[in-house]
>>> print(open('structure_21.txt').read())   # compact mmCIF, C-alpha atoms
# COMPACT_ATOMS: atom_id res chain seq x y z
CA MET D 10 11.37 -49.23 21.69
CA SER D 11 8.06 -48.22 20.17
CA GLU D 12 7.94 -45.71 17.33
CA THR D 13 8.51 -42.03 18.05
CA ILE D 14 8.25 -38.77 16.13
CA THR D 15 10.28 -35.59 16.61
CA LEU D 16 8.65 -32.18 17.02
CA GLU D 17 10.70 -29.05 16.50
CA VAL D 18 8.80 -26.34 18.36
CA LEU D 19 9.43 -22.62 18.27
CA ARG D 20 10.00 -21.30 21.79
CA TYR D 21 9.98 -17.69 22.91
CA HIS D 22 9.64 -16.37 26.42
CA PRO D 23 9.92 -12.59 26.12
CA GLU D 24 11.06 -12.13 29.74
CA THR D 25 14.16 -14.34 29.29
CA ASP D 26 14.73 -14.88 25.53
CA SER D 27 16.21 -12.18 23.33
CA GLU D 28 14.87 -13.99 20.26
CA PRO D 29 12.86 -17.11 19.37
CA HIS D 30 14.64 -20.46 19.04
CA PHE D 31 13.65 -24.05 18.25
CA GLN D 32 13.47 -26.85 20.78
CA ARG D 33 13.24 -30.54 19.86
CA TYR D 34 10.96 -33.00 21.62
CA VAL D 35 10.67 -36.73 20.93
CA VAL D 36 7.14 -37.98 21.52
CA PRO D 37 5.42 -41.35 21.01
CA TYR D 38 4.02 -41.85 17.52
CA ARG D 39 0.34 -42.81 17.34
CA ASP D 40 -1.60 -43.28 14.11
CA ASP D 41 -4.64 -41.51 15.53
CA TRP D 42 -2.77 -38.62 17.16
CA VAL D 43 -2.90 -35.11 15.78
CA VAL D 44 -0.15 -32.52 16.32
CA LEU D 45 -2.18 -31.08 19.20
CA ASP D 46 -2.07 -34.47 20.96
CA ALA D 47 1.71 -34.46 20.62
CA LEU D 48 1.87 -30.92 22.08
CA ASN D 49 -0.38 -31.99 24.96
CA HIS D 50 1.94 -34.95 25.56
CA ILE D 51 4.89 -32.54 25.73
CA LYS D 52 3.03 -30.20 28.09
CA ASP D 53 1.88 -33.02 30.40
CA ASN D 54 5.00 -35.20 30.42
CA LEU D 55 8.09 -33.44 29.08
CA ASP D 56 7.98 -29.67 29.47
CA ALA D 57 5.24 -27.83 31.34
CA THR D 58 6.63 -24.44 30.27
CA LEU D 59 5.39 -24.82 26.67
CA SER D 60 2.55 -22.39 25.88
CA TYR D 61 -0.05 -22.76 23.13
CA ARG D 62 -3.77 -22.11 22.71
CA TRP D 63 -6.34 -24.83 22.31
CA SER D 64 -9.80 -25.70 23.48
CA CYS D 65 -12.13 -28.02 21.60
CA HIS D 66 -9.82 -30.50 19.80
CA MET D 67 -12.45 -30.77 17.01
CA ALA D 68 -11.95 -27.87 14.59
CA VAL D 69 -14.76 -25.79 16.05
CA CYS D 70 -13.17 -23.30 18.44
CA GLY D 71 -10.47 -21.95 16.11
CA SER D 72 -7.89 -21.60 18.90
CA CYS D 73 -5.12 -23.98 17.84
CA GLY D 74 -3.98 -22.45 14.54
CA MET D 75 -0.22 -22.90 14.06
CA THR D 76 2.33 -23.11 11.29
CA ILE D 77 3.03 -26.80 10.79
CA ASN D 78 5.91 -27.57 8.45
CA GLY D 79 5.44 -24.17 6.86
CA GLU D 80 1.68 -24.34 6.37
CA PRO D 81 -0.98 -22.59 8.45
CA LYS D 82 -3.10 -25.37 9.95
CA LEU D 83 -5.28 -26.24 12.91
CA SER D 84 -3.07 -28.48 15.05
CA CYS D 85 -6.18 -30.51 16.02
CA HIS D 86 -6.77 -31.19 12.34
CA SER D 87 -3.23 -32.27 11.38
CA PHE D 88 -2.55 -35.98 11.86
CA LEU D 89 0.93 -37.14 12.82
CA ARG D 90 0.56 -39.92 10.25
CA ASP D 91 0.83 -37.29 7.49
CA TYR D 92 4.31 -36.43 8.81
CA ARG D 93 5.48 -39.98 9.61
CA GLY D 94 9.25 -40.35 9.26
CA LYS D 95 9.75 -36.57 9.19
CA VAL D 96 10.47 -33.90 11.77
CA VAL D 97 7.34 -31.88 12.49
CA ARG D 98 8.20 -28.19 12.75
CA VAL D 99 5.63 -26.26 14.77
CA GLU D 100 5.69 -22.46 14.75
CA PRO D 101 3.19 -19.73 15.67
CA LEU D 102 1.00 -18.31 12.90
CA ASP D 103 2.79 -16.00 10.50
CA HIS D 104 2.09 -12.24 10.32
CA PHE D 105 1.32 -11.87 14.04
CA PRO D 106 3.59 -10.87 16.93
CA ILE D 107 4.47 -13.71 19.32
CA GLU D 108 3.04 -13.40 22.81
CA ARG D 109 4.82 -16.52 24.10
CA ASP D 110 5.94 -19.75 22.36
CA LEU D 111 3.09 -20.68 19.98
CA VAL D 112 0.69 -18.04 21.29
CA ILE D 113 0.21 -15.02 19.02
CA VAL D 114 -1.00 -11.51 19.79
CA MET D 115 -4.30 -11.19 17.92
CA ASP D 116 -5.31 -7.67 18.96
CA SER D 117 -4.90 -6.32 15.42
CA PHE D 118 -7.42 -8.86 14.15
CA MET D 119 -9.94 -8.13 16.91
CA GLU D 120 -9.77 -4.46 15.99
CA LYS D 121 -10.25 -5.17 12.27
CA LEU D 122 -13.12 -7.56 12.98
CA GLY D 123 -14.95 -4.91 14.99
CA SER D 124 -14.33 -2.26 12.33
CA VAL D 125 -16.49 -4.08 9.74
CA LYS D 126 -19.48 -4.21 12.14
CA PRO D 127 -20.04 -7.99 11.95
CA TRP D 128 -23.53 -7.98 13.42
CA LEU D 129 -27.07 -7.47 12.12
CA ILE D 130 -27.90 -3.85 11.46
CA PRO D 131 -31.64 -4.07 10.76
CA LYS D 132 -33.09 -1.98 7.92
CA VAL D 133 -35.80 -0.78 10.29
CA GLU D 134 -35.45 -1.28 14.04
CA LYS D 135 -38.51 -3.06 15.40
CA PRO D 136 -39.61 -3.06 19.03
CA LEU D 137 -39.27 -6.44 20.73
CA SER D 138 -43.06 -6.78 20.77
CA ALA D 139 -43.15 -6.76 16.94
CA GLY D 140 -41.55 -10.20 16.92
CA GLU D 141 -38.66 -11.80 15.05
CA TYR D 142 -36.96 -10.67 11.86
CA LEU D 143 -38.17 -13.58 9.72
CA GLN D 144 -36.06 -15.26 7.07
CA SER D 145 -36.69 -18.13 4.67
CA PRO D 146 -34.29 -21.12 4.40
CA GLY D 147 -33.43 -19.90 0.88
CA GLN D 148 -32.48 -16.45 2.19
CA MET D 149 -30.34 -18.09 4.86
CA GLN D 150 -28.61 -20.31 2.31
CA VAL D 151 -27.30 -17.22 0.47
CA PHE D 152 -24.84 -16.41 3.27
CA HIS D 153 -24.66 -19.67 5.24
CA GLN D 154 -21.18 -20.63 3.99
CA TYR D 155 -19.72 -17.38 5.35
CA THR D 156 -21.14 -18.01 8.82
CA GLN D 157 -18.81 -21.00 9.19
CA CYS D 158 -15.76 -18.86 10.03
CA ILE D 159 -14.21 -19.79 13.39
CA ASN D 160 -11.73 -16.85 13.47
CA CYS D 161 -8.79 -19.27 13.52
CA LEU D 162 -6.68 -16.74 11.56
CA LEU D 163 -5.12 -19.34 9.24
CA CYS D 164 -6.21 -17.07 6.37
CA TYR D 165 -4.32 -14.10 7.84
CA ALA D 166 -1.18 -16.22 8.14
CA ALA D 167 -1.55 -17.42 4.54
CA CYS D 168 -2.38 -14.04 2.96
CA PRO D 169 0.62 -12.39 1.27
CA GLN D 170 -1.11 -8.99 1.38
CA ILE D 171 -1.25 -9.10 5.19
CA GLY D 172 2.50 -9.71 5.06
CA LEU D 173 3.00 -6.71 2.79
CA ASN D 174 0.54 -4.32 4.46
CA GLU D 175 -0.48 -5.02 8.04
CA ASP D 176 -3.33 -2.49 7.76
CA PHE D 177 -5.18 -4.69 5.25
CA VAL D 178 -8.51 -5.60 6.88
CA GLY D 179 -7.94 -9.18 5.74
CA PRO D 180 -9.85 -12.28 4.62
CA ALA D 181 -11.87 -13.40 7.67
CA ALA D 182 -13.16 -9.93 8.62
CA LEU D 183 -14.10 -9.14 5.01
CA ALA D 184 -15.83 -12.52 4.60
CA LEU D 185 -17.85 -11.83 7.76
CA ALA D 186 -18.77 -8.35 6.50
CA HIS D 187 -19.98 -10.05 3.31
CA ARG D 188 -21.98 -12.52 5.39
CA TYR D 189 -23.97 -9.67 6.99
CA ASN D 190 -24.23 -7.70 3.74
CA LEU D 191 -25.88 -10.76 2.16
CA ASP D 192 -28.35 -11.23 5.02
CA SER D 193 -31.93 -10.39 3.99
CA ARG D 194 -32.58 -8.90 7.46
CA ASP D 195 -29.60 -6.56 7.26
CA GLY D 196 -29.39 -2.95 6.09
CA GLY D 197 -25.82 -2.17 7.14
CA ARG D 198 -24.01 -2.35 3.81
CA ASP D 199 -23.37 1.41 3.66
CA ALA D 200 -22.22 1.55 7.28
CA ARG D 201 -19.70 -1.24 6.58
CA ALA D 202 -18.58 0.19 3.24
CA GLU D 203 -16.50 2.94 4.88
CA VAL D 204 -14.04 0.23 5.93
CA VAL D 205 -14.89 -2.63 3.57
CA ALA D 206 -14.71 -0.55 0.36
CA SER D 207 -11.70 1.52 1.45
CA ASN D 208 -8.18 1.06 0.08
CA GLU D 209 -7.29 -1.04 3.14
CA GLY D 210 -10.46 -3.14 2.65
CA ILE D 211 -11.29 -5.35 -0.31
CA TRP D 212 -9.10 -3.35 -2.71
CA GLU D 213 -5.88 -4.47 -1.05
CA CYS D 214 -6.71 -8.06 -2.09
CA THR D 215 -5.02 -9.25 -5.31
CA PHE D 216 -6.95 -12.55 -5.39
CA VAL D 217 -4.03 -14.85 -4.62
CA GLY D 218 -6.59 -17.21 -3.05
CA ALA D 219 -4.32 -18.65 -0.34
CA CYS D 220 -6.95 -17.73 2.30
CA SER D 221 -9.50 -20.08 0.75
CA GLU D 222 -6.94 -22.86 0.30
CA VAL D 223 -6.01 -22.95 3.99
CA CYS D 224 -9.51 -22.36 5.43
CA PRO D 225 -10.41 -25.45 7.49
CA LYS D 226 -14.13 -24.60 7.31
CA HIS D 227 -14.33 -24.00 3.51
CA VAL D 228 -15.57 -20.46 4.01
CA ASP D 229 -13.86 -19.29 0.80
CA PRO D 230 -13.00 -15.72 1.88
CA ALA D 231 -11.42 -15.05 -1.53
CA ALA D 232 -14.82 -15.50 -3.20
CA ALA D 233 -16.45 -13.26 -0.58
CA ILE D 234 -13.93 -10.51 -1.31
CA GLN D 235 -14.33 -10.76 -5.11
CA GLN D 236 -18.13 -10.64 -4.76
CA THR D 237 -17.79 -7.61 -2.51
CA LYS D 238 -15.58 -5.95 -5.14
CA ILE D 239 -18.44 -6.28 -7.63
CA SER D 240 -21.09 -4.87 -5.26
CA ALA D 241 -18.74 -2.07 -4.12
CA SER D 242 -18.06 -1.19 -7.76
CA VAL D 243 -21.79 -1.04 -8.49
CA GLY D 244 -22.18 1.25 -5.45
CA TRP D 245 -19.32 3.41 -6.69
CA LEU D 246 -20.92 3.70 -10.16
CA LYS D 247 -24.27 4.64 -8.58
CA ASP D 248 -22.55 7.35 -6.52
CA LEU D 249 -20.83 8.60 -9.66
CA LEU D 250 -23.99 8.72 -11.76
CA THR D 251 -26.32 10.07 -9.07
CA PRO D 252 -24.17 12.24 -6.81
CA GLY D 253 -25.78 12.94 -3.47
CA ALA D 254 -28.59 10.42 -3.97
CA HIS D 255 -26.71 7.60 -2.28
CA ARG D 256 -25.77 7.67 1.44
CA MET S 194 -11.11 5.59 6.09
CA ALA S 195 -12.85 6.65 2.91
CA ARG S 196 -14.37 4.66 0.12
CA SER S 197 -11.85 3.92 -2.57
CA ASN S 198 -11.90 5.00 -6.21
CA LYS S 199 -10.28 1.68 -7.13
CA PRO S 200 -13.39 0.58 -9.09
CA MET S 201 -12.13 2.92 -11.81
CA LEU S 202 -9.17 0.56 -12.31
CA TRP S 203 -10.95 -2.60 -11.28
CA LEU S 204 -14.12 -2.51 -13.40
CA PRO S 205 -12.20 -2.52 -16.74
CA PHE S 206 -9.88 -5.14 -15.18
CA ALA S 207 -12.85 -7.37 -14.32
CA GLY S 208 -14.40 -6.78 -17.76
CA GLY S 209 -11.06 -7.57 -19.38
CA GLY S 210 -10.84 -10.82 -17.45
CA LEU S 211 -14.23 -11.82 -18.77
CA VAL S 212 -13.30 -10.93 -22.36
CA ALA S 213 -9.90 -12.65 -22.06
CA ALA S 214 -11.49 -15.82 -20.68
CA LEU S 215 -14.58 -16.09 -22.88
CA ILE S 216 -14.00 -14.24 -26.14
CA ILE S 217 -10.25 -14.19 -26.83
CA PRO S 218 -9.90 -18.02 -26.96
CA VAL S 219 -12.71 -18.15 -29.53
CA LEU S 220 -11.07 -15.39 -31.61
CA ILE S 221 -7.72 -17.22 -31.46
CA LEU S 222 -9.40 -20.46 -32.51
CA ILE S 223 -11.13 -18.75 -35.45
CA THR S 224 -8.37 -16.45 -36.69
CA GLY S 225 -5.35 -18.49 -35.65
CA VAL S 226 -6.42 -22.07 -36.29
CA LEU S 227 -9.69 -22.66 -38.16
CA VAL S 228 -9.23 -20.04 -40.92
CA PRO S 229 -5.55 -20.86 -41.65
CA LEU S 230 -6.40 -24.59 -41.75
CA GLY S 231 -9.18 -23.88 -44.22
CA VAL S 232 -11.83 -25.37 -41.92
CA LEU S 233 -13.66 -22.07 -41.68
CA HIS S 234 -14.06 -19.72 -44.60
CA LEU S 235 -14.39 -16.03 -43.85
CA ARG S 236 -14.68 -13.48 -46.62
CA TYR S 237 -12.33 -10.53 -46.27
CA GLU S 238 -15.12 -8.14 -47.29
CA THR S 239 -17.35 -9.35 -44.42
CA ILE S 240 -14.66 -8.80 -41.80
CA ALA S 241 -13.67 -5.45 -43.34
CA ALA S 242 -17.30 -4.33 -43.28
CA PHE S 243 -17.48 -5.26 -39.60
CA ALA S 244 -14.42 -3.12 -38.86
CA HIS S 245 -15.89 -0.23 -40.88
CA ASN S 246 -19.11 -0.16 -38.89
CA PRO S 247 -18.93 2.15 -35.79
CA LEU S 248 -20.44 -0.53 -33.55
CA GLY S 249 -18.03 -3.09 -35.04
CA LYS S 250 -15.12 -0.74 -34.32
CA LEU S 251 -16.25 -0.41 -30.72
CA ILE S 252 -16.47 -4.20 -30.32
CA VAL S 253 -13.01 -4.74 -31.80
CA LEU S 254 -11.61 -1.98 -29.57
CA GLY S 255 -13.22 -3.62 -26.54
CA ALA S 256 -11.73 -6.98 -27.47
CA VAL S 257 -8.26 -5.40 -27.53
CA ALA S 258 -8.48 -2.70 -24.86
CA LEU S 259 -10.14 -4.61 -22.02
CA PRO S 260 -7.76 -7.63 -22.01
CA ALA S 261 -4.79 -5.24 -22.42
CA TRP S 262 -5.94 -3.38 -19.30
CA HIS S 263 -6.55 -6.68 -17.53
CA ALA S 264 -3.02 -7.84 -18.32
CA ALA S 265 -1.51 -4.54 -17.16
CA HIS S 266 -3.39 -4.58 -13.85
CA ARG S 267 -2.69 -8.28 -13.25
CA LEU S 268 1.03 -7.83 -13.93
CA ARG S 269 1.17 -4.85 -11.57
CA MET S 270 -0.62 -6.87 -8.85
CA THR S 271 1.76 -9.81 -9.43
CA ALA S 272 4.75 -7.47 -9.13
CA HIS S 273 3.26 -6.26 -5.84
CA ASP S 274 2.70 -9.87 -4.66
CA LEU S 275 6.31 -10.71 -5.48
CA GLY S 276 7.45 -7.83 -3.30
CA LEU S 277 8.66 -5.68 -6.22
CA GLY S 278 6.67 -2.79 -4.77
CA SER S 279 4.05 -0.71 -6.50
CA GLY S 280 6.11 2.34 -7.41
CA ILE S 281 5.54 4.73 -10.27
CA ALA S 282 7.97 2.83 -12.55
CA ILE S 283 5.99 -0.41 -12.38
CA LYS S 284 2.70 1.45 -12.82
CA ALA S 285 4.07 3.33 -15.82
CA ALA S 286 5.46 0.16 -17.41
CA CYS S 287 2.22 -1.84 -16.95
CA TYR S 288 -0.48 0.75 -17.62
CA GLY S 289 1.72 2.61 -20.13
CA THR S 290 2.08 -0.52 -22.28
CA ALA S 291 -1.66 -1.10 -22.07
CA TRP S 292 -2.40 2.48 -23.13
CA LEU S 293 0.02 2.17 -26.07
CA LEU S 294 -1.80 -0.97 -27.23
CA ILE S 295 -5.21 0.65 -26.74
CA LEU S 296 -4.21 3.82 -28.60
CA ALA S 297 -2.60 1.81 -31.41
CA ALA S 298 -5.78 -0.26 -31.76
CA ALA S 299 -7.96 2.87 -31.67
CA GLY S 300 -5.75 4.56 -34.26
CA ALA S 301 -5.87 1.54 -36.57
CA LEU S 302 -9.65 1.31 -36.23
CA ILE S 303 -10.08 4.98 -37.04
CA ALA S 304 -7.76 4.63 -40.03
CA VAL S 305 -9.61 1.73 -41.68
>>> encode(input="structure_21.txt", output="structure tokens")
Amino acid sequence: MSETITLEVLRYHPETDSEPHFQRYVVPYRDDWVVLDALNHIKDNLDATLSYRWSCHMAVCGSCGMTINGEPKLSCHSFLRDYRGKVVRVEPLDHFPIERDLVIVMDSFMEKLGSVKPWLIPKVEKPLSAGEYLQSPGQMQVFHQYTQCINCLLCYAACPQIGLNEDFVGPAALALAHRYNLDSRDGGRDARAEVVASNEGIWECTFVGACSEVCPKHVDPAAAIQQTKISASVGWLKDLLTPGAHR
Amino acid sequence: MARSNKPMLWLPFAGGGLVAALIIPVLILITGVLVPLGVLHLRYETIAAFAHNPLGKLIVLGAVALPAWHAAHRLRMTAHDLGLGSGIAIKAACYGTAWLLILAAAGALIAV
């Protein structure tokens, strides 16, 4: 018989299960298969009731984040060959409620993301006829790294502060706020600061750095948050020294 | 949500991190290794004069106070990360120790 590998997958169907449990599946082992391929094999050939999110299979869409042998990872980015000879344990992302099997409820994140206003808030609104808001390649380079976020939520699963305080705005949303704050066309820093510079914003972060370690797109949210701490502190000092002048 | 006053705690913490990373290792190398080994010769009068000067006092106080605050804040954050909570007892132990060190350093600098 050709080589196989065992997946231990967390199952939870809220309408029938009182609590989550693990189910084992034996799938063919292929050198060039990722965990997502193994899950697709299960879904297509062994058990059509298994639910999980995926779309692009190439680390772009950010849908297939899961906990694989204890680590938050994109299942399309995790080769079976790295787990050869072991049981691969697949669970939903930590710190989120389970919708069904490996599918998490991400409403809390969507709300946090919206709260930091992750869109361009121009300094001065121009009519369409006035043309584009121009930007040089150098000005774009300043924030480019932070545009790479695919909202896969691996950073939320890795962050111990999210585990301790679910109200923490969290790494991805704060990194995206930083991305717009750094944009030369943007004037929304103050509008974002109400959330970003609040106790539940950047100040809940203790710089553990797990978010940046697990980020599959090398966004480095931890750096974004520390840089925001500096700019928020400068803003705070300005407010202190010139009361009323700011805002 | 309102903007936080955390910068009050964080700015000296960040400054202390900078001092602890860039200046303290040099001071340890000079006072703990090079001078005892006789590689570097410092005259007592020179160092004493530095500590007698008001600006010198301020620099020495900064070199003690900022890293002490950094350590206190870092330990409190680590306690929080480890799930030990962030109650008044931990705050008092961390920041209290830092304040004791800072006041002791300030007292010694005023006395010399």
>>> residues_around(input="structure_21.txt", residues="region 153-155 of chain D", least_positions_apart="4", cutoff="8 Å", atoms="all atoms listed in the file", output="MDAnalysis selection string")
chainID D and resid 149 184:185 187:188 227:230 233
>>> closest_atom_pairs(input="structure_21.txt", of="chain D", to="chain S", cutoff="12 Å", atoms="only C-alpha atoms", output="CSV")
residue,atom,partner,partner_atom,distance
D:Ser124,CA,S:Met194,CA,10.5
D:Val125,CA,S:Met194,CA,11.7
D:Cys168,CA,S:Asp274,CA,10.1
D:Pro169,CA,S:Asp274,CA,6.8
D:Gln170,CA,S:Asp274,CA,7.2
D:Ile171,CA,S:Asp274,CA,10.6
D:Gly172,CA,S:Asp274,CA,9.7
D:Leu173,CA,S:Gly276,CA,7.6
D:Asn174,CA,S:His273,CA,10.8
D:Asp176,CA,S:Met194,CA,11.3
D:Phe177,CA,S:Met194,CA,11.9
D:Val178,CA,S:Met194,CA,11.5
D:Asp199,CA,S:Arg196,CA,10.2
D:Ala200,CA,S:Arg196,CA,11.1
D:Arg201,CA,S:Arg196,CA,10.2
D:Ala202,CA,S:Arg196,CA,6.9
D:Glu203,CA,S:Arg196,CA,5.5
D:Val204,CA,S:Met194,CA,6.1
D:Val205,CA,S:Arg196,CA,8.1
D:Ala206,CA,S:Arg196,CA,5.2
D:Ser207,CA,S:Arg196,CA,4.3
D:Asn208,CA,S:Ser197,CA,5.4
D:Glu209,CA,S:Met194,CA,8.2
D:Gly210,CA,S:Ser197,CA,8.9
D:Ile211,CA,S:Ser197,CA,9.6
D:Trp212,CA,S:Lys199,CA,6.8
D:Glu213,CA,S:Lys199,CA,9.7
D:Cys214,CA,S:Met270,CA,9.2
D:Thr215,CA,S:Met270,CA,6.1
D:Phe216,CA,S:Met270,CA,9.2
D:Val217,CA,S:Asp274,CA,8.4
D:Gly218,CA,S:Asp274,CA,11.9
D:Gln235,CA,S:Ala207,CA,9.9
D:Gln236,CA,S:Ala207,CA,11.4
D:Thr237,CA,S:Pro200,CA,11.4
D:Lys238,CA,S:Pro200,CA,7.9
D:Ile239,CA,S:Leu204,CA,8.1
D:Ser240,CA,S:Pro200,CA,10.2
D:Ala241,CA,S:Pro200,CA,7.8
D:Ser242,CA,S:Pro200,CA,5.2
D:Val243,CA,S:Pro200,CA,8.6
D:Gly244,CA,S:Pro200,CA,9.5
D:Trp245,CA,S:Pro200,CA,7.0
D:Leu246,CA,S:Pro200,CA,8.2
D:Lys247,CA,S:Pro200,CA,11.6
D:Asp248,CA,S:Arg196,CA,10.9
D:Leu249,CA,S:Asn198,CA,10.2
D:Arg256,CA,S:Arg196,CA,11.9
>>> axis_aligned_box(input="structure_21.txt", around="region 247-260 of chain S", padding_each_side="3 Å", output="JSON")
{"center_x": -14.1, "center_y": -2.7, "center_z": -28.9, "size_x": 18.7, "size_y": 15.8, "size_z": 19.8}
>>> atom_distance(input="structure_21.txt", atom1="CA of Asp46 (chain D)", atom2="CA of Val96 (chain D)")
15.6 Å
>>> atom_distance(input="structure_21.txt", atom1="CA of Ser193 (chain D)", atom2="CA of Leu162 (chain D)")
27.1 Å
>>> residues_around(input="structure_21.txt", residues="region 284-297 of chain S", least_positions_apart="4", cutoff="12 Å", atoms="only C-alpha atoms", output="PyMOL selection string")
chain S and resi 202+205-206+209+251+253-273+277-280+301-304
>>> atom_distance(input="structure_21.txt", atom1="CA of Pro23 (chain D)", atom2="CA of Arg109 (chain D)")
6.7 Å
